[in-house]
Amino acid sequence: MKTALTTLQDTFGFDQFLLHQEEVISTLINGDDALVLMPTGGGKSLCYQIPAIVRNGCGVVVSPLIALMKDQVDALLALGIHAGFLNSTLDQFEANQIEDALLDGSLDLLYIAPERLLQERTQHLLRQADISLFAIDEAHCVSQWGHDFRADYLELNMLHEEFPDVPRIALTATADVRTQQEIISRLDLGDARQFLAGFDRPNIRYTITAKHNPRNQLLRFLKDSHQDEAGIIYCLSRKKTEETATWLQDQGFNALPYHAGLGSEKRATHQSRFLREDGVIIVATIAFGMGIDKPDVRFVAHLDLPKTIESYYQETGRAGRDGLPADAWMVYGIQDVIKLRQMLDNSDGSEAHKRVEQHRLNAMLGLCEITSCRRHAMLMYFDEDSPEQCGNCDSCLTPVDTWDGTDSARKALSVIHRTGQRFGVNHLVDVLRGSENNKVFQFDHHKLPTYGIGTELDVNQWRSVFRQLMARGYISVDLDRYGGIKLEEKCRSLLRGEEQIELRKDIRKVAAVKQTKAPLPDDIDIGLWEALRECRRRLAEEQGVPPYVVFHDSTLQAMAGLMPKDLDEFGELSGVGKRKLEKYGLTFLEVIHGEY
Ligand code: ADP
Ligand code: ZN
């Protein structure tokens, strides 16, 4: 019998296990259950793939992501692993072949959609087969609170009853404690060994900036740091995803929209282009992303504020799965907060639920406005300890200047009070700055003592003052009065002059934050790198698989950096197992040593 370590080295071409992998794998090999919470990119797949290979029988992987199954299976086949999938995209003949392979014991891994698994016919099939383990991927889909909820997942506890001797492993990247508990109780995993990896994603750089001119800010970010690279841009509305994608196309980017209203065929095409072509940008609502297995997403940008830190973490987590540097970049403004509050208010759900959601939104806003390390704050929110400074977020890289905002804050509170706590920020700023627009005269606001007392700050600076007051709970949005700004109890001492307040200075120029260009090490020959990518692209196209199924970026980088001279040296590269060595070794060696 092959051991876990030789499988890792020979089949996958990796030297050693990542954190927890070895223990999870031996838990399953010993026939016990496991619950694995690991951040994206933590290496969850190997946790069930290796035991499925090592143990007798076939490992059954339950996954809701039919669209990705073929790629997942292709990636395994490319490694020489006997894998297949069963879902509604197969015709009867193809399905029969897979079923036969399962029954005659020649399959190591079978991917299957939950609805298919639950069919009586499939159950019958599985009872006749030799099953090595059940892996329940994206296990947070059992959570009725999450937006990825799948009703079929609730019935997966039957695996435990029907196949009591087969070890099970549930996997997710969700950081939410409530979801973790739901997974345990709904899937009957009370006795499972738990593996909780930390949630830090050190290769992701977090940057959050105030929204001034979002399109220009985005363009600057893309041009400075991510020309020709794959990324996801999240927007709140379907309309905005389409408009933004069209605009980016006009600017010469390979951008495609994605949202639930697009029609399944178009969505499938856009997703597949994102996975298969190099450097495609997807502009999407939150409908896009769950389980997107693409390892080389170099950035995730938010043009609108996510509802919670959990969502922000999950969405940004889709960047940099391969461990190479990636950016999580966001612009946000006070209008975002108002819009989200209104959506929340109009949503179904009890008052208690809305209150919880309101707190979560406030926490998100707080993360945007802090002057200290973003990563530290985020990990603290997930109850995880970390150094005070991460060195890889905008707060750490360009420490934020603060200023004594006491006077201005008092003016802001005062204008809210004088105008009756029912106007939005734009109007309040107009009054403070002594603007002569119609609305000011219509309400006689030019006669107020606060009229024109705020000329020391420009419009954006004032917006920043209001945002920060909101993030810190001095003021809030009054939904009973059309989203006007109202005062909170907390503002009293500030108004009375008994409290001082330090505010952050917003950085206007995005360029001030030093961005790292593409993750390429300095000493790599760009010509060789491009030639290797081209070779990979050609091979991938010939085989109808995404480029990363041939080799990941990190393996290409190793090739370009180490320039192996023969097959022996080539086989030493991380990510080159036996099968890939045989299949691709000579082709790539030719590129490395030929005239490219
Ligand atoms: P997850 O499902 O947790 O997001 P994956 O299973 O997709 O993560 O793995 C993330 C990346 O790490 C993949 O590119 C994978 O090939 C790589 N990887 C996994 N295990 C190892 C290992 N032991 N050594 C090196 N790379 C690994
Ligand atoms: Zn930091």
# chains A, B, ... in the order shown; residues from 1 in each chain; ligands from 1
>>> select_by_dssp(residues="stretch 63-131 of chain A", states="helix (DSSP H, G or I)", output="MDAnalysis selection string")
chainID A and resid 66:78 92:103 114:117 120:128
>>> residues_near_ligand(ligand="ligand 2", cutoff="9 Å", atoms="only C-alpha atoms and all ligand atoms", output="ChimeraX atom specification")
/A:205-206,372-377,387-397
>>> residues_near_ligand(ligand="ligand 1", cutoff="8 Å", atoms="only C-alpha atoms and all ligand atoms", output="PyMOL selection string")
chain A and resi 8+12+14-18+21+38-47+173+293+295+321-323+552+574-575
>>> residues_around(residues="A:Val549", least_positions_apart="3", cutoff="9 Å", atoms="only C-alpha atoms", output="list in words")
Asp71, Gln72, Asp74, Ala75, Leu76, Ala78, Ala540, Val545, Pro546 and His552 of chain A
>>> write_last_selection(atoms="N, CA, C and O atoms", output="mmCIF file, in the first residue's frame")
data_model
loop_
_atom_site.group_PDB
_atom_site.id
_atom_site.type_symbol
_atom_site.label_atom_id
_atom_site.label_comp_id
_atom_site.auth_asym_id
_atom_site.auth_seq_id
_atom_site.Cartn_x
_atom_site.Cartn_y
_atom_site.Cartn_z
ATOM 1 N N ASP A 71 -13.607 20.337 -14.370
ATOM 2 C CA ASP A 71 -12.244 20.844 -14.190
ATOM 3 C C ASP A 71 -11.529 20.132 -13.048
ATOM 4 O O ASP A 71 -10.347 19.806 -13.138
ATOM 5 N N GLN A 72 -12.260 19.913 -11.967
ATOM 6 C CA GLN A 72 -11.637 19.229 -10.826
ATOM 7 C C GLN A 72 -11.190 17.820 -11.227
ATOM 8 O O GLN A 72 -10.090 17.397 -10.893
ATOM 9 N N ASP A 74 -10.652 16.746 -14.321
ATOM 10 C CA ASP A 74 -9.563 16.842 -15.300
ATOM 11 C C ASP A 74 -8.218 17.047 -14.612
ATOM 12 O O ASP A 74 -7.197 16.491 -15.030
ATOM 13 N N ALA A 75 -8.229 17.883 -13.560
ATOM 14 C CA ALA A 75 -6.973 18.134 -12.846
ATOM 15 C C ALA A 75 -6.451 16.838 -12.219
ATOM 16 O O ALA A 75 -5.247 16.573 -12.226
ATOM 17 N N LEU A 76 -7.356 16.001 -11.712
ATOM 18 C CA LEU A 76 -6.932 14.728 -11.123
ATOM 19 C C LEU A 76 -6.447 13.751 -12.195
ATOM 20 O O LEU A 76 -5.430 13.070 -12.026
ATOM 21 N N ALA A 78 -5.109 14.506 -14.918
ATOM 22 C CA ALA A 78 -3.793 14.966 -15.373
ATOM 23 C C ALA A 78 -2.684 14.492 -14.442
ATOM 24 O O ALA A 78 -1.522 14.442 -14.819
ATOM 25 N N ALA A 540 -2.881 23.471 -22.620
ATOM 26 C CA ALA A 540 -4.202 23.487 -21.988
ATOM 27 C C ALA A 540 -5.289 23.497 -23.051
ATOM 28 O O ALA A 540 -6.298 22.800 -22.944
ATOM 29 N N VAL A 545 -8.555 21.990 -21.082
ATOM 30 C CA VAL A 545 -8.566 22.206 -19.627
ATOM 31 C C VAL A 545 -8.046 23.613 -19.322
ATOM 32 O O VAL A 545 -7.400 24.227 -20.165
ATOM 33 N N PRO A 546 -8.326 24.143 -18.124
ATOM 34 C CA PRO A 546 -7.761 25.440 -17.762
ATOM 35 C C PRO A 546 -6.236 25.340 -17.642
ATOM 36 O O PRO A 546 -5.726 24.270 -17.298
ATOM 37 N N HIS A 552 0.547 25.090 -12.192
ATOM 38 C CA HIS A 552 0.229 26.343 -11.517
ATOM 39 C C HIS A 552 1.307 27.386 -11.784
ATOM 40 O O HIS A 552 2.441 27.046 -12.109
#
>>> select_by_dssp(residues="stretch 107-319 of chain A", states="strand (DSSP E)", output="short mmCIF file (atom, residue, chain, number, x, y, z; two decimals) with N, CA and C atoms, in the first residue's frame")
data_model
loop_
_atom_site.label_atom_id
_atom_site.label_comp_id
_atom_site.auth_asym_id
_atom_site.auth_seq_id
_atom_site.Cartn_x
_atom_site.Cartn_y
_atom_site.Cartn_z
N LEU A 109 -11.68 8.34 -7.02
CA LEU A 109 -12.48 9.48 -6.55
C LEU A 109 -13.68 9.70 -7.46
N LEU A 110 -14.83 9.91 -6.82
CA LEU A 110 -16.05 10.17 -7.57
C LEU A 110 -16.69 11.45 -7.04
N TYR A 111 -16.83 12.46 -7.91
CA TYR A 111 -17.49 13.72 -7.52
C TYR A 111 -18.96 13.62 -7.88
N ILE A 112 -19.79 14.08 -6.97
CA ILE A 112 -21.22 13.88 -7.19
C ILE A 112 -22.00 15.05 -6.58
N ILE A 131 -16.77 1.86 -0.74
CA ILE A 131 -16.57 3.31 -0.55
C ILE A 131 -15.47 3.53 0.49
N SER A 132 -14.49 4.35 0.15
CA SER A 132 -13.38 4.58 1.10
C SER A 132 -13.69 5.73 2.06
N LEU A 133 -14.41 6.74 1.59
CA LEU A 133 -14.76 7.87 2.45
C LEU A 133 -15.80 8.74 1.75
N PHE A 134 -16.49 9.54 2.56
CA PHE A 134 -17.35 10.59 2.00
C PHE A 134 -16.74 11.94 2.35
N ALA A 135 -16.56 12.78 1.35
CA ALA A 135 -16.09 14.14 1.62
C ALA A 135 -17.22 15.10 1.29
N ILE A 136 -17.60 15.92 2.26
CA ILE A 136 -18.67 16.89 2.02
C ILE A 136 -18.02 18.26 1.88
N ARG A 168 -16.18 10.08 7.31
CA ARG A 168 -16.66 11.27 6.60
C ARG A 168 -15.78 12.46 6.94
N ILE A 169 -15.65 13.33 5.98
CA ILE A 169 -14.92 14.58 6.23
C ILE A 169 -15.75 15.73 5.66
N ALA A 170 -15.98 16.76 6.49
CA ALA A 170 -16.71 17.95 6.02
C ALA A 170 -15.70 19.08 5.95
N LEU A 171 -15.76 19.86 4.87
CA LEU A 171 -14.76 20.93 4.69
C LEU A 171 -15.42 22.26 4.36
N THR A 172 -14.88 23.31 4.90
CA THR A 172 -15.36 24.64 4.54
C THR A 172 -14.28 25.69 4.85
N ARG A 193 -13.13 14.57 14.59
CA ARG A 193 -11.99 15.39 15.03
C ARG A 193 -12.05 16.72 14.29
N GLN A 194 -11.79 17.78 15.04
CA GLN A 194 -11.89 19.10 14.40
C GLN A 194 -10.52 19.67 14.10
N PHE A 195 -10.38 20.20 12.93
CA PHE A 195 -9.13 20.85 12.56
C PHE A 195 -9.45 22.29 12.17
N LEU A 196 -9.06 23.20 13.02
CA LEU A 196 -9.35 24.60 12.75
C LEU A 196 -8.04 25.31 12.46
N ILE A 204 -2.51 38.02 1.02
CA ILE A 204 -3.46 39.01 0.53
C ILE A 204 -3.18 40.37 1.16
N ARG A 205 -3.04 41.37 0.33
CA ARG A 205 -2.85 42.72 0.83
C ARG A 205 -4.19 43.46 0.84
N TYR A 206 -4.56 43.96 2.01
CA TYR A 206 -5.86 44.65 2.13
C TYR A 206 -5.69 46.15 1.97
N THR A 207 -6.52 46.75 1.13
CA THR A 207 -6.52 48.20 0.95
C THR A 207 -7.96 48.68 0.90
N ILE A 208 -8.30 49.62 1.74
CA ILE A 208 -9.66 50.17 1.73
C ILE A 208 -9.56 51.69 1.65
N THR A 209 -10.19 52.28 0.65
CA THR A 209 -10.08 53.72 0.45
C THR A 209 -11.46 54.35 0.31
N ALA A 210 -11.53 55.63 0.64
CA ALA A 210 -12.79 56.35 0.47
C ALA A 210 -13.10 56.49 -1.02
N GLY A 231 -9.00 38.71 -12.18
CA GLY A 231 -9.52 39.24 -10.93
C GLY A 231 -11.03 39.27 -10.92
N ILE A 232 -11.58 39.55 -9.74
CA ILE A 232 -13.04 39.65 -9.59
C ILE A 232 -13.35 41.04 -9.05
N ILE A 233 -14.36 41.68 -9.63
CA ILE A 233 -14.80 42.98 -9.13
C ILE A 233 -16.24 42.82 -8.65
N TYR A 234 -16.47 43.06 -7.38
CA TYR A 234 -17.82 42.91 -6.85
C TYR A 234 -18.58 44.23 -6.81
N ALA A 255 -13.12 42.13 -19.69
CA ALA A 255 -14.02 42.06 -18.54
C ALA A 255 -15.39 41.51 -18.93
N LEU A 256 -15.96 40.67 -18.06
CA LEU A 256 -17.27 40.06 -18.32
C LEU A 256 -18.16 40.19 -17.10
N PRO A 257 -19.46 40.46 -17.33
CA PRO A 257 -20.37 40.55 -16.17
C PRO A 257 -20.83 39.16 -15.73
N TYR A 258 -21.29 39.08 -14.49
CA TYR A 258 -21.84 37.82 -13.99
C TYR A 258 -22.83 38.14 -12.88
N ILE A 281 -11.27 39.43 -16.32
CA ILE A 281 -11.84 40.05 -15.13
C ILE A 281 -13.34 39.78 -15.11
N ILE A 282 -13.85 39.29 -13.98
CA ILE A 282 -15.29 39.09 -13.85
C ILE A 282 -15.86 40.20 -12.98
N VAL A 283 -16.89 40.88 -13.48
CA VAL A 283 -17.53 41.92 -12.68
C VAL A 283 -18.86 41.33 -12.22
N ALA A 284 -19.01 41.13 -10.92
CA ALA A 284 -20.09 40.26 -10.46
C ALA A 284 -20.81 40.76 -9.22
N PHE A 299 -6.52 39.59 -7.90
CA PHE A 299 -7.12 40.64 -7.09
C PHE A 299 -8.63 40.43 -6.97
N VAL A 300 -9.16 40.92 -5.85
CA VAL A 300 -10.60 41.02 -5.69
C VAL A 300 -10.87 42.47 -5.33
N ALA A 301 -11.69 43.15 -6.13
CA ALA A 301 -11.98 44.56 -5.87
C ALA A 301 -13.44 44.70 -5.49
N HIS A 302 -13.72 45.57 -4.54
CA HIS A 302 -15.11 45.86 -4.17
C HIS A 302 -15.42 47.30 -4.54
#
>>> residues_around(residues="A:Gln335", least_positions_apart="4", cutoff="10 Å", atoms="only C-alpha atoms", output="MDAnalysis selection string")
chainID A and resid 211 304:305 339:341 424:426 467 483
